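Please read the structure below before turning to the comments.
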Amino acid sequence: MDAVAPNGQVGGGTQPAHLCGHDMHTAVGVGVAEVLARLRDRLSGAVVFVFQPAEETLTGAAAMLDAGVLAHTRPVEIHALHCGPFPVGRFLVTSGFGLPGQDRGTITLTGSDAMVRAQRLAAEIGALGTVSPPTVPADLERLVADVQTPNGPLTNFVFMQARAAEIEGRAEVQVVYRCWPEDRYVEIRESIHRLARSAGGASVTFPSDPFPAMVCPEREGRALERYLHQTVGRDQVRRMHAAIPFNGEDFALFLDRLPGTFTFLGVRSPGAAIETSYPHFGAFNPDERAIGHGVRAMAGWLAGRSGR
């Protein structure tokens, strides 16, 4: 499910590859389903499993919702687990945090010097960014530390990408960015409009709203944290205090409609380089022992939630 395209791989790739852990996530989901099927006589509620495609393009959740998946099953809460660059078997809960949304826009310039102006404008818009994607192991280690730091350097951020291109006699600047907190997009759009006006004769187009950030509810997140403390131990549980700037998640659309949790499961082997456990890196090689940790934790959590 959702092999990462070459242009989505860090550093680029030559062919699609399973570098995001969706096959691992599916294995965990099937494992949890098997466990709960054996426990069905002890459950007073129903557990529905969501195998969602097209997460990488932020289109799968919307398609499922448009098809009426929640109307058919009528769930009251929803929970997810995603692999991450943390020690194998460690869980990072995200109550109050999650992953940023995404906004994108197009600025069109005309005239004989349109491309020159577009390149200059792209550079000015790019300078609005406050963070750059990790490229070397030290960057990844710092990112992992920063997302676990209360009131740390990722409390506010803008991850900005702006690219100029010549298209059919005109120039365009394609803008894609993520920010935190989510409501900063209003301020950032205003800055982009201001820079575009200074470029002269530029037309700016944005969608009505950005793709929403995924923000996990505090109550459910704290409840999961307490459960994991009791079952896997406090030393195997950490709390996220910031969002990862470079990734989004269309699970946000489900959490906009239902309370729930989104938790990271560590897949880094002891002594392994961090890029082996960081999704989208060509060296991604997760420790498959994480599957068992994920199955045991989520099966127990969901059994408790549905047996209330």
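Letters for chains follow the order of the structure tokens (A, B, ...), residue numbers begin at 1 for each chain, and ligand numbers begin at 1 in the order shown.
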
How close does region 41-130 of chain A get to region 256-259 of chain A? List, as a tab-separated table, each residue of region 41-130 of chain A within 9 Å, its nearest atom pair and the distance in Å to one decimal, counting only C-alpha atoms.
residue	atom	partner	partner_atom	distance
A:Pro75	CA	A:Leu258	CA	8.0
A:Val76	CA	A:Leu258	CA	6.4
A:Glu77	CA	A:Pro259	CA	5.1
A:Ile78	CA	A:Pro259	CA	6.5
A:His79	CA	A:Pro259	CA	8.6

Close residues, Thr59 (chain A) itself excluded, 12 Å, only C-alpha atoms, min 6 positions apart in chain, as a short mmCIF file (atom, residue, chain, number, x, y, z; two decimals) with all heavy atoms, in the first residue's frame:
data_model
loop_
_atom_site.label_atom_id
_atom_site.label_comp_id
_atom_site.auth_asym_id
_atom_site.auth_seq_id
_atom_site.Cartn_x
_atom_site.Cartn_y
_atom_site.Cartn_z
N ASP A 2 0.74 2.08 -1.02
CA ASP A 2 1.40 3.38 -1.06
C ASP A 2 2.91 3.32 -1.07
O ASP A 2 3.57 3.93 -0.22
CB ASP A 2 0.95 4.25 0.12
CG ASP A 2 -0.51 4.66 0.03
OD1 ASP A 2 -1.21 4.23 -0.90
OD2 ASP A 2 -0.94 5.43 0.88
N GLN A 52 -6.61 2.26 4.66
CA GLN A 52 -6.81 3.43 3.82
C GLN A 52 -5.71 3.56 2.77
O GLN A 52 -4.54 3.58 3.11
CB GLN A 52 -6.80 4.68 4.71
CG GLN A 52 -6.96 5.96 3.93
CD GLN A 52 -6.22 7.12 4.58
OE1 GLN A 52 -6.34 7.33 5.77
NE2 GLN A 52 -5.45 7.85 3.80
N PRO A 53 -6.07 3.66 1.50
CA PRO A 53 -5.06 3.89 0.46
C PRO A 53 -4.76 5.37 0.28
O PRO A 53 -5.41 6.23 0.90
CB PRO A 53 -5.76 3.33 -0.80
CG PRO A 53 -7.21 3.66 -0.54
CD PRO A 53 -7.41 3.49 0.95
N LEU A 65 -14.24 8.93 3.12
CA LEU A 65 -15.32 9.69 3.75
C LEU A 65 -16.42 10.02 2.74
O LEU A 65 -17.61 9.93 3.05
CB LEU A 65 -14.76 10.97 4.37
CG LEU A 65 -13.88 10.75 5.62
CD1 LEU A 65 -13.12 12.02 5.96
CD2 LEU A 65 -14.73 10.29 6.79
N ASP A 66 -16.01 10.38 1.52
CA ASP A 66 -17.00 10.66 0.47
C ASP A 66 -17.82 9.42 0.14
O ASP A 66 -18.99 9.52 -0.24
CB ASP A 66 -16.30 11.16 -0.79
CG ASP A 66 -15.75 12.57 -0.64
OD1 ASP A 66 -16.15 13.26 0.33
OD2 ASP A 66 -14.92 12.98 -1.47
N PHE A 211 -5.14 22.17 3.52
CA PHE A 211 -5.43 20.85 4.05
C PHE A 211 -5.20 20.91 5.55
O PHE A 211 -4.18 21.43 6.00
CB PHE A 211 -4.51 19.80 3.41
CG PHE A 211 -4.97 18.39 3.65
CD1 PHE A 211 -5.81 17.77 2.74
CD2 PHE A 211 -4.59 17.70 4.80
CE1 PHE A 211 -6.25 16.47 2.96
CE2 PHE A 211 -5.03 16.41 5.03
CZ PHE A 211 -5.87 15.79 4.11
N GLY A 248 2.83 15.39 6.57
CA GLY A 248 1.42 15.60 6.89
C GLY A 248 0.74 14.25 6.99
O GLY A 248 1.36 13.20 6.83
N GLU A 249 -0.55 14.26 7.25
CA GLU A 249 -1.25 12.99 7.44
C GLU A 249 -2.74 13.23 7.24
O GLU A 249 -3.35 14.03 7.96
CB GLU A 249 -0.96 12.47 8.86
CG GLU A 249 -1.72 11.25 9.25
CD GLU A 249 -1.45 10.07 8.32
OE1 GLU A 249 -0.34 9.53 8.30
OE2 GLU A 249 -2.41 9.70 7.59
N ASP A 250 -3.34 12.54 6.25
CA ASP A 250 -4.76 12.78 6.02
C ASP A 250 -5.65 12.05 7.01
O ASP A 250 -6.87 12.16 6.95
CB ASP A 250 -5.16 12.51 4.57
CG ASP A 250 -4.99 11.07 4.14
OD1 ASP A 250 -4.35 10.29 4.87
OD2 ASP A 250 -5.48 10.73 3.04
N PHE A 251 -5.06 11.35 7.97
CA PHE A 251 -5.81 10.87 9.13
C PHE A 251 -6.45 12.07 9.84
O PHE A 251 -7.41 11.90 10.61
CB PHE A 251 -4.87 10.12 10.07
CG PHE A 251 -5.55 9.38 11.20
CD1 PHE A 251 -6.30 8.25 10.96
CD2 PHE A 251 -5.40 9.81 12.50
CE1 PHE A 251 -6.93 7.57 11.99
CE2 PHE A 251 -6.01 9.14 13.55
CZ PHE A 251 -6.78 8.01 13.30
N ALA A 252 -5.94 13.27 9.57
CA ALA A 252 -6.52 14.50 10.11
C ALA A 252 -8.02 14.59 9.80
O ALA A 252 -8.80 15.08 10.64
CB ALA A 252 -5.81 15.72 9.53
N LEU A 253 -8.42 14.13 8.62
CA LEU A 253 -9.83 14.23 8.24
C LEU A 253 -10.71 13.34 9.10
O LEU A 253 -11.87 13.67 9.37
CB LEU A 253 -10.00 13.87 6.76
CG LEU A 253 -9.25 14.76 5.77
CD1 LEU A 253 -9.58 14.34 4.33
CD2 LEU A 253 -9.56 16.23 5.98
#

With the cut-off set at 9 Å and counting only C-alpha atoms, tabulate each residue of region 47-81 of chain A with an atom at most that distance from an atom of region 295-302 of chain A, showing the nearest atom pair and its distance in Å to one decimal, ordered by chain and increasing number, as JSON lines.
{"residue": "A:Val47", "atom": "CA", "partner": "A:Leu302", "partner_atom": "CA", "distance": 7.7}
{"residue": "A:His79", "atom": "CA", "partner": "A:Leu302", "partner_atom": "CA", "distance": 8.6}
{"residue": "A:Ala80", "atom": "CA", "partner": "A:Met298", "partner_atom": "CA", "distance": 8.9}
{"residue": "A:Leu81", "atom": "CA", "partner": "A:Met298", "partner_atom": "CA", "distance": 8.3}

Using only N, CA and C atoms, please write the residues we just selected to a file, as a tab-separated table (two decimals), in the first residue's frame.
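Written out: out01.tsv:
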chain	number	residue	atom	x	y	z
A	47	VAL	N	-15.23	-3.37	16.68
A	47	VAL	CA	-14.01	-2.71	16.22
A	47	VAL	C	-13.97	-2.80	14.70
A	79	HIS	N	-8.35	5.24	16.06
A	79	HIS	CA	-6.99	5.18	16.58
A	79	HIS	C	-6.04	4.70	15.48
A	80	ALA	N	-4.82	5.25	15.49
A	80	ALA	CA	-3.84	4.90	14.46
A	80	ALA	C	-2.46	4.76	15.08
A	81	LEU	N	-1.62	3.97	14.41
A	81	LEU	CA	-0.24	3.75	14.81
A	81	LEU	C	0.62	3.91	13.57

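In this comparison, which uses only C-alpha atoms, the residue of A:Gly221, A:Pro245, A:Gly169, A:Gly126 approaching Ser191 (chain A) most closely is A:Gly126.
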
Tell me, as a ChimeraX atom specification, which residues lie within 7 Å of Arg104 (chain A), counting only C-alpha atoms; anything in the same chain fewer than 4 positions away does not count.
/A:175-177,206

Go ahead and save the residues from that selection, with all heavy atoms, as a PDB file, in the first residue's frame.
ATOM      1  N   VAL A 175       3.918  27.400  -4.804  1.00  0.00           N
ATOM      2  CA  VAL A 175       4.231  27.492  -3.375  1.00  0.00           C
ATOM      3  C   VAL A 175       3.543  26.357  -2.630  1.00  0.00           C
ATOM      4  O   VAL A 175       2.343  26.127  -2.810  1.00  0.00           O
ATOM      5  CB  VAL A 175       3.758  28.849  -2.799  1.00  0.00           C
ATOM      6  CG1 VAL A 175       4.009  28.911  -1.292  1.00  0.00           C
ATOM      7  CG2 VAL A 175       4.450  29.998  -3.501  1.00  0.00           C
ATOM      8  N   VAL A 176       4.306  25.644  -1.824  1.00  0.00           N
ATOM      9  CA  VAL A 176       3.763  24.606  -0.942  1.00  0.00           C
ATOM     10  C   VAL A 176       4.416  24.804   0.418  1.00  0.00           C
ATOM     11  O   VAL A 176       5.640  24.926   0.504  1.00  0.00           O
ATOM     12  CB  VAL A 176       4.076  23.187  -1.460  1.00  0.00           C
ATOM     13  CG1 VAL A 176       3.470  22.140  -0.519  1.00  0.00           C
ATOM     14  CG2 VAL A 176       3.559  22.985  -2.876  1.00  0.00           C
ATOM     15  N   TYR A 177       3.608  24.841   1.468  1.00  0.00           N
ATOM     16  CA  TYR A 177       4.216  25.012   2.787  1.00  0.00           C
ATOM     17  C   TYR A 177       3.387  24.338   3.872  1.00  0.00           C
ATOM     18  O   TYR A 177       2.198  24.056   3.699  1.00  0.00           O
ATOM     19  CB  TYR A 177       4.413  26.500   3.117  1.00  0.00           C
ATOM     20  CG  TYR A 177       3.141  27.284   3.362  1.00  0.00           C
ATOM     21  CD1 TYR A 177       2.613  27.409   4.654  1.00  0.00           C
ATOM     22  CD2 TYR A 177       2.479  27.919   2.314  1.00  0.00           C
ATOM     23  CE1 TYR A 177       1.458  28.135   4.879  1.00  0.00           C
ATOM     24  CE2 TYR A 177       1.323  28.645   2.529  1.00  0.00           C
ATOM     25  CZ  TYR A 177       0.810  28.753   3.825  1.00  0.00           C
ATOM     26  OH  TYR A 177      -0.344  29.461   4.048  1.00  0.00           O
ATOM     27  N   PHE A 206      -4.980  30.857  -4.160  1.00  0.00           N
ATOM     28  CA  PHE A 206      -4.927  29.834  -3.112  1.00  0.00           C
ATOM     29  C   PHE A 206      -6.262  29.106  -3.089  1.00  0.00           C
ATOM     30  O   PHE A 206      -7.292  29.682  -3.459  1.00  0.00           O
ATOM     31  CB  PHE A 206      -4.699  30.459  -1.733  1.00  0.00           C
ATOM     32  CG  PHE A 206      -3.280  30.855  -1.444  1.00  0.00           C
ATOM     33  CD1 PHE A 206      -2.898  32.184  -1.497  1.00  0.00           C
ATOM     34  CD2 PHE A 206      -2.333  29.902  -1.109  1.00  0.00           C
ATOM     35  CE1 PHE A 206      -1.594  32.560  -1.222  1.00  0.00           C
ATOM     36  CE2 PHE A 206      -1.035  30.265  -0.831  1.00  0.00           C
ATOM     37  CZ  PHE A 206      -0.655  31.597  -0.887  1.00  0.00           C
TER      38      PHE A 206
END

Between region 21-47 of chain A and region 261-266 of chain A, at 12 Å or less, what are the per-residue closest atom pairs and their distances in Å? Count only C-alpha atoms, order by chain and rising residue number, and return it as a Markdown table.
| residue | atom | partner | partner_atom | distance |
| --- | --- | --- | --- | --- |
| A:Gly21 | CA | A:Leu265 | CA | 10.7 |
| A:Met24 | CA | A:Leu265 | CA | 10.6 |
| A:His25 | CA | A:Leu265 | CA | 9.8 |
| A:Val28 | CA | A:Leu265 | CA | 10.7 |

Neighbouring residues of Pro217 (chain A) were defined as those with any atom within 9 Å, considering only C-alpha atoms; residues of the same chain fewer than 2 positions away were excluded. Please report them as JSON, numbers by chain.
{"A": [94, 95, 96, 97, 215, 219, 220, 221, 222, 255, 259, 260, 261]}

Can you pull out every residue within 10 Å of Ser112 (chain A), counting only C-alpha atoms, but drop anything in the same chain fewer than 5 positions away, and send it as a PDB file with all heavy atoms, in the first residue's frame?
ATOM      1  N   ARG A 117      11.591  37.853 -12.655  1.00  0.00           N
ATOM      2  CA  ARG A 117      10.845  38.281 -11.477  1.00  0.00           C
ATOM      3  C   ARG A 117      10.333  37.103 -10.675  1.00  0.00           C
ATOM      4  O   ARG A 117      10.326  37.132  -9.433  1.00  0.00           O
ATOM      5  CB  ARG A 117       9.679  39.185 -11.905  1.00  0.00           C
ATOM      6  CG  ARG A 117      10.161  40.557 -12.376  1.00  0.00           C
ATOM      7  CD  ARG A 117       9.158  41.233 -13.312  1.00  0.00           C
ATOM      8  NE  ARG A 117       7.800  41.192 -12.823  1.00  0.00           N
ATOM      9  CZ  ARG A 117       6.734  40.934 -13.600  1.00  0.00           C
ATOM     10  NH1 ARG A 117       6.902  40.679 -14.898  1.00  0.00           N
ATOM     11  NH2 ARG A 117       5.537  40.934 -13.088  1.00  0.00           N
ATOM     12  N   GLY A 169       4.534  30.813 -22.075  1.00  0.00           N
ATOM     13  CA  GLY A 169       4.713  32.241 -22.236  1.00  0.00           C
ATOM     14  C   GLY A 169       4.509  33.074 -20.988  1.00  0.00           C
ATOM     15  O   GLY A 169       4.545  34.313 -21.060  1.00  0.00           O
ATOM     16  N   ARG A 170       4.284  32.443 -19.883  1.00  0.00           N
ATOM     17  CA  ARG A 170       4.176  33.171 -18.621  1.00  0.00           C
ATOM     18  C   ARG A 170       5.049  32.467 -17.580  1.00  0.00           C
ATOM     19  O   ARG A 170       5.553  31.372 -17.816  1.00  0.00           O
ATOM     20  CB  ARG A 170       2.724  33.213 -18.141  1.00  0.00           C
ATOM     21  CG  ARG A 170       2.156  31.858 -17.742  1.00  0.00           C
ATOM     22  CD  ARG A 170       0.688  31.948 -17.337  1.00  0.00           C
ATOM     23  NE  ARG A 170       0.192  30.693 -16.810  1.00  0.00           N
ATOM     24  CZ  ARG A 170      -0.224  29.669 -17.542  1.00  0.00           C
ATOM     25  NH1 ARG A 170      -0.218  29.759 -18.871  1.00  0.00           N
ATOM     26  NH2 ARG A 170      -0.658  28.549 -16.980  1.00  0.00           N
ATOM     27  N   ALA A 171       5.202  33.084 -16.437  1.00  0.00           N
ATOM     28  CA  ALA A 171       5.988  32.484 -15.361  1.00  0.00           C
ATOM     29  C   ALA A 171       5.080  32.220 -14.167  1.00  0.00           C
ATOM     30  O   ALA A 171       4.150  32.992 -13.888  1.00  0.00           O
ATOM     31  CB  ALA A 171       7.137  33.398 -14.969  1.00  0.00           C
TER      32      ALA A 171
END

Which residues, written as a ChimeraX atom specification, have at least one atom at most 10 Å from region 198-204 of chain A, with only C-alpha atoms counted and residues fewer than 3 positions away on the same chain left out?
/A:105-111,114,117-118,120-121,171-173,189,192-195

Give me, please, the distance in Å between CA of Ala162 (chain A) and CA of Ser132 (chain A), quoted to one decimal.
12.7 Å

With DSSP run on the backbone, what are the strand (DSSP E) residues within region 79-249 of chain A? I'd like them as a PyMOL selection string.
chain A and resi 79-87+91-93+98-99+103-109+157-167+170-180+203-205+214-215+237-239

Export of the given selection (N, CA and C atoms) as a compact mmCIF listing (two decimals), in the first residue's frame:
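The resulting out.txt:
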# COMPACT_ATOMS: atom_id res chain seq x y z
N HIS A 79 -8.35 5.24 16.06
CA HIS A 79 -6.99 5.18 16.58
C HIS A 79 -6.04 4.70 15.48
N ALA A 80 -4.82 5.25 15.49
CA ALA A 80 -3.84 4.90 14.46
C ALA A 80 -2.46 4.76 15.08
N LEU A 81 -1.62 3.97 14.41
CA LEU A 81 -0.24 3.75 14.81
C LEU A 81 0.62 3.91 13.57
N HIS A 82 1.73 4.65 13.69
CA HIS A 82 2.61 4.90 12.54
C HIS A 82 4.05 4.72 12.98
N CYS A 83 4.84 4.04 12.17
CA CYS A 83 6.23 3.80 12.54
C CYS A 83 7.02 5.11 12.55
N GLY A 84 8.07 5.17 13.38
CA GLY A 84 8.87 6.37 13.50
C GLY A 84 10.29 6.06 13.92
N PRO A 85 11.19 7.05 13.86
CA PRO A 85 12.62 6.84 14.11
C PRO A 85 12.98 6.86 15.59
N PHE A 86 12.35 5.96 16.34
CA PHE A 86 12.57 5.86 17.78
C PHE A 86 12.96 4.41 18.10
N PRO A 87 13.56 4.15 19.26
CA PRO A 87 13.98 2.79 19.59
C PRO A 87 12.85 1.79 19.43
N PHE A 91 6.88 3.88 22.30
CA PHE A 91 5.68 4.55 21.79
C PHE A 91 5.76 6.04 22.12
N LEU A 92 5.44 6.88 21.15
CA LEU A 92 5.36 8.32 21.37
C LEU A 92 3.93 8.78 21.14
N VAL A 93 3.29 9.22 22.21
CA VAL A 93 1.90 9.68 22.11
C VAL A 93 1.91 11.15 21.70
N GLY A 98 0.54 16.63 16.75
CA GLY A 98 0.25 15.73 15.65
C GLY A 98 1.18 16.01 14.49
N LEU A 99 0.61 16.40 13.36
CA LEU A 99 1.39 16.73 12.18
C LEU A 99 0.74 17.93 11.49
N ASP A 103 -0.61 23.87 2.83
CA ASP A 103 -1.24 24.89 2.00
C ASP A 103 -0.42 25.02 0.72
N ARG A 104 -1.08 25.32 -0.37
CA ARG A 104 -0.37 25.48 -1.64
C ARG A 104 -1.05 26.57 -2.45
N GLY A 105 -0.26 27.26 -3.24
CA GLY A 105 -0.80 28.32 -4.07
C GLY A 105 0.03 28.53 -5.32
N THR A 106 -0.49 29.33 -6.22
CA THR A 106 0.19 29.63 -7.48
C THR A 106 0.20 31.13 -7.71
N ILE A 107 1.36 31.65 -8.05
CA ILE A 107 1.50 33.06 -8.38
C ILE A 107 1.89 33.17 -9.85
N THR A 108 1.12 33.88 -10.63
CA THR A 108 1.34 33.99 -12.06
C THR A 108 1.86 35.39 -12.40
N LEU A 109 2.93 35.44 -13.19
CA LEU A 109 3.52 36.71 -13.62
C LEU A 109 3.60 36.74 -15.14
N PHE A 157 6.85 27.02 13.51
CA PHE A 157 7.72 26.81 12.35
C PHE A 157 6.95 27.05 11.06
N VAL A 158 7.73 27.29 10.01
CA VAL A 158 7.22 27.34 8.64
C VAL A 158 8.17 26.53 7.78
N PHE A 159 7.65 25.51 7.13
CA PHE A 159 8.43 24.74 6.16
C PHE A 159 7.94 25.15 4.78
N MET A 160 8.74 25.95 4.08
CA MET A 160 8.31 26.59 2.83
C MET A 160 9.08 26.04 1.63
N GLN A 161 8.34 25.78 0.57
CA GLN A 161 8.93 25.40 -0.71
C GLN A 161 8.32 26.28 -1.79
N ALA A 162 9.17 26.96 -2.57
CA ALA A 162 8.69 27.83 -3.64
C ALA A 162 9.56 27.61 -4.86
N ARG A 163 8.93 27.38 -6.00
CA ARG A 163 9.67 27.04 -7.23
C ARG A 163 9.11 27.83 -8.40
N ALA A 164 10.01 28.45 -9.16
CA ALA A 164 9.62 29.22 -10.35
C ALA A 164 9.71 28.33 -11.59
N ALA A 165 8.75 28.51 -12.50
CA ALA A 165 8.76 27.73 -13.75
C ALA A 165 8.14 28.58 -14.86
N GLU A 166 8.60 28.35 -16.08
CA GLU A 166 8.06 29.05 -17.24
C GLU A 166 7.05 28.14 -17.92
N ILE A 167 5.82 28.64 -18.09
CA ILE A 167 4.74 27.82 -18.62
C ILE A 167 3.97 28.62 -19.67
N ARG A 170 4.28 32.44 -19.88
CA ARG A 170 4.18 33.17 -18.62
C ARG A 170 5.05 32.47 -17.58
N ALA A 171 5.20 33.08 -16.44
CA ALA A 171 5.99 32.48 -15.36
C ALA A 171 5.08 32.22 -14.17
N GLU A 172 5.34 31.13 -13.48
CA GLU A 172 4.57 30.79 -12.29
C GLU A 172 5.51 30.47 -11.13
N VAL A 173 5.08 30.83 -9.95
CA VAL A 173 5.75 30.40 -8.73
C VAL A 173 4.79 29.47 -7.99
N GLN A 174 5.17 28.21 -7.89
CA GLN A 174 4.39 27.22 -7.16
C GLN A 174 4.85 27.21 -5.71
N VAL A 175 3.92 27.40 -4.80
CA VAL A 175 4.23 27.49 -3.38
C VAL A 175 3.54 26.36 -2.63
N VAL A 176 4.31 25.64 -1.82
CA VAL A 176 3.76 24.61 -0.94
C VAL A 176 4.42 24.80 0.42
N TYR A 177 3.61 24.84 1.47
CA TYR A 177 4.22 25.01 2.79
C TYR A 177 3.39 24.34 3.87
N ARG A 178 4.06 24.09 4.98
CA ARG A 178 3.43 23.59 6.21
C ARG A 178 3.83 24.54 7.33
N CYS A 179 2.95 24.69 8.31
CA CYS A 179 3.26 25.60 9.42
C CYS A 179 2.64 25.09 10.71
N TRP A 180 3.13 25.64 11.80
CA TRP A 180 2.58 25.34 13.12
C TRP A 180 2.72 26.58 13.97
N SER A 203 -0.52 37.63 -10.07
CA SER A 203 -1.84 37.13 -9.67
C SER A 203 -1.65 35.94 -8.74
N VAL A 204 -2.26 35.98 -7.55
CA VAL A 204 -2.08 34.95 -6.53
C VAL A 204 -3.36 34.15 -6.38
N THR A 205 -3.23 32.83 -6.41
CA THR A 205 -4.38 31.94 -6.24
C THR A 205 -4.10 30.92 -5.15
N MET A 214 -3.27 17.68 11.51
CA MET A 214 -3.76 16.60 12.35
C MET A 214 -3.37 16.91 13.79
N VAL A 215 -4.36 17.23 14.59
CA VAL A 215 -4.13 17.55 16.00
C VAL A 215 -4.89 16.53 16.85
N VAL A 237 7.62 4.71 26.92
CA VAL A 237 6.60 5.68 26.48
C VAL A 237 7.17 7.09 26.60
N ARG A 238 7.01 7.86 25.54
CA ARG A 238 7.40 9.26 25.53
C ARG A 238 6.24 10.08 24.99
N ARG A 239 6.32 11.39 25.20
CA ARG A 239 5.28 12.28 24.71
C ARG A 239 5.88 13.24 23.68

For Arg289 (chain A), which residue among A:Pro207, A:Gly101, A:Pro270, A:Gly152 is the nearest when counting only C-alpha atoms?
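Among the listed residues, the smallest separation from Arg289 (chain A) belongs to A:Pro270.
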
Alpha helix (DSSP H) call set, DSSP backbone run, region 28-261 of chain A, as a VMD selection string:
chain A and resid 28 to 38 60 to 66 69 to 73 114 to 126 137 to 146 185 to 199 218 to 231 252 to 255

List every residue of region 196-267 of chain A that has an atom at most 8 Å from any atom of region 143-150 of chain A, and for each one report the closest atom pair and its distance in Å to one decimal, counting only C-alpha atoms, with rows sorted by chain and then by increasing residue number, as a tab-separated table.
residue	atom	partner	partner_atom	distance
A:Arg238	CA	A:Gln148	CA	7.7
A:Arg239	CA	A:Gln148	CA	6.5
A:Met240	CA	A:Gln148	CA	5.0
A:His241	CA	A:Gln148	CA	5.1
A:Ala242	CA	A:Val147	CA	4.6
A:Ala243	CA	A:Val147	CA	6.3
A:Ile244	CA	A:Val147	CA	6.7

Print the selection's residues with all heavy atoms to a file, as an mmCIF file, in the first residue's frame.
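The resulting file, out_8.cif, is reproduced below:
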data_model
loop_
_atom_site.group_PDB
_atom_site.id
_atom_site.type_symbol
_atom_site.label_atom_id
_atom_site.label_comp_id
_atom_site.auth_asym_id
_atom_site.auth_seq_id
_atom_site.Cartn_x
_atom_site.Cartn_y
_atom_site.Cartn_z
ATOM 1 N N ARG A 238 7.009 7.856 25.544
ATOM 2 C CA ARG A 238 7.402 9.257 25.534
ATOM 3 C C ARG A 238 6.237 10.083 24.987
ATOM 4 O O ARG A 238 5.318 9.561 24.372
ATOM 5 C CB ARG A 238 8.639 9.494 24.661
ATOM 6 C CG ARG A 238 9.886 8.774 25.142
ATOM 7 C CD ARG A 238 10.471 9.403 26.375
ATOM 8 N NE ARG A 238 11.759 8.814 26.713
ATOM 9 C CZ ARG A 238 11.925 7.700 27.408
ATOM 10 N NH1 ARG A 238 10.863 7.021 27.824
ATOM 11 N NH2 ARG A 238 13.134 7.243 27.686
ATOM 12 N N ARG A 239 6.324 11.390 25.198
ATOM 13 C CA ARG A 239 5.284 12.282 24.715
ATOM 14 C C ARG A 239 5.878 13.245 23.684
ATOM 15 O O ARG A 239 6.951 13.793 23.885
ATOM 16 C CB ARG A 239 4.688 13.072 25.879
ATOM 17 C CG ARG A 239 3.493 13.933 25.504
ATOM 18 C CD ARG A 239 3.012 14.722 26.695
ATOM 19 N NE ARG A 239 2.558 13.855 27.769
ATOM 20 C CZ ARG A 239 2.235 14.304 28.981
ATOM 21 N NH1 ARG A 239 2.345 15.597 29.262
ATOM 22 N NH2 ARG A 239 1.828 13.457 29.908
ATOM 23 N N MET A 240 5.167 13.440 22.576
ATOM 24 C CA MET A 240 5.570 14.442 21.587
ATOM 25 C C MET A 240 5.167 15.819 22.107
ATOM 26 O O MET A 240 4.047 16.010 22.586
ATOM 27 C CB MET A 240 4.883 14.182 20.253
ATOM 28 C CG MET A 240 5.243 12.860 19.597
ATOM 29 S SD MET A 240 6.707 12.951 18.565
ATOM 30 C CE MET A 240 6.030 13.724 17.109
ATOM 31 N N HIS A 241 6.082 16.783 21.992
ATOM 32 C CA HIS A 241 5.796 18.153 22.402
ATOM 33 C C HIS A 241 5.833 19.112 21.224
ATOM 34 O O HIS A 241 5.774 20.337 21.413
ATOM 35 C CB HIS A 241 6.798 18.588 23.463
ATOM 36 C CG HIS A 241 6.636 17.870 24.769
ATOM 37 N ND1 HIS A 241 5.647 18.181 25.679
ATOM 38 C CD2 HIS A 241 7.322 16.825 25.305
ATOM 39 C CE1 HIS A 241 5.738 17.386 26.732
ATOM 40 N NE2 HIS A 241 6.743 16.552 26.535
ATOM 41 N N ALA A 242 5.946 18.577 20.028
ATOM 42 C CA ALA A 242 5.966 19.405 18.819
ATOM 43 C C ALA A 242 5.601 18.526 17.632
ATOM 44 O O ALA A 242 5.678 17.291 17.702
ATOM 45 C CB ALA A 242 7.342 20.033 18.607
ATOM 46 N N ALA A 243 5.201 19.169 16.560
ATOM 47 C CA ALA A 243 4.880 18.448 15.328
ATOM 48 C C ALA A 243 6.132 18.343 14.450
ATOM 49 O O ALA A 243 6.995 19.218 14.473
ATOM 50 C CB ALA A 243 3.779 19.172 14.565
ATOM 51 N N ILE A 244 6.231 17.258 13.695
ATOM 52 C CA ILE A 244 7.313 17.118 12.719
ATOM 53 C C ILE A 244 6.979 18.020 11.528
ATOM 54 O O ILE A 244 5.929 17.871 10.908
ATOM 55 C CB ILE A 244 7.448 15.652 12.270
ATOM 56 C CG1 ILE A 244 7.810 14.773 13.480
ATOM 57 C CG2 ILE A 244 8.503 15.519 11.176
ATOM 58 C CD1 ILE A 244 7.791 13.282 13.179
#

Under the rule that only C-alpha atoms are counted, which of A:Thr73, A:Thr26, A:Asn247, A:Asn156 is the nearest residue to Pro133 (chain A)?
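Of A:Thr73, A:Thr26, A:Asn247, A:Asn156, the one nearest Pro133 (chain A) is A:Asn247, counting only C-alpha atoms.
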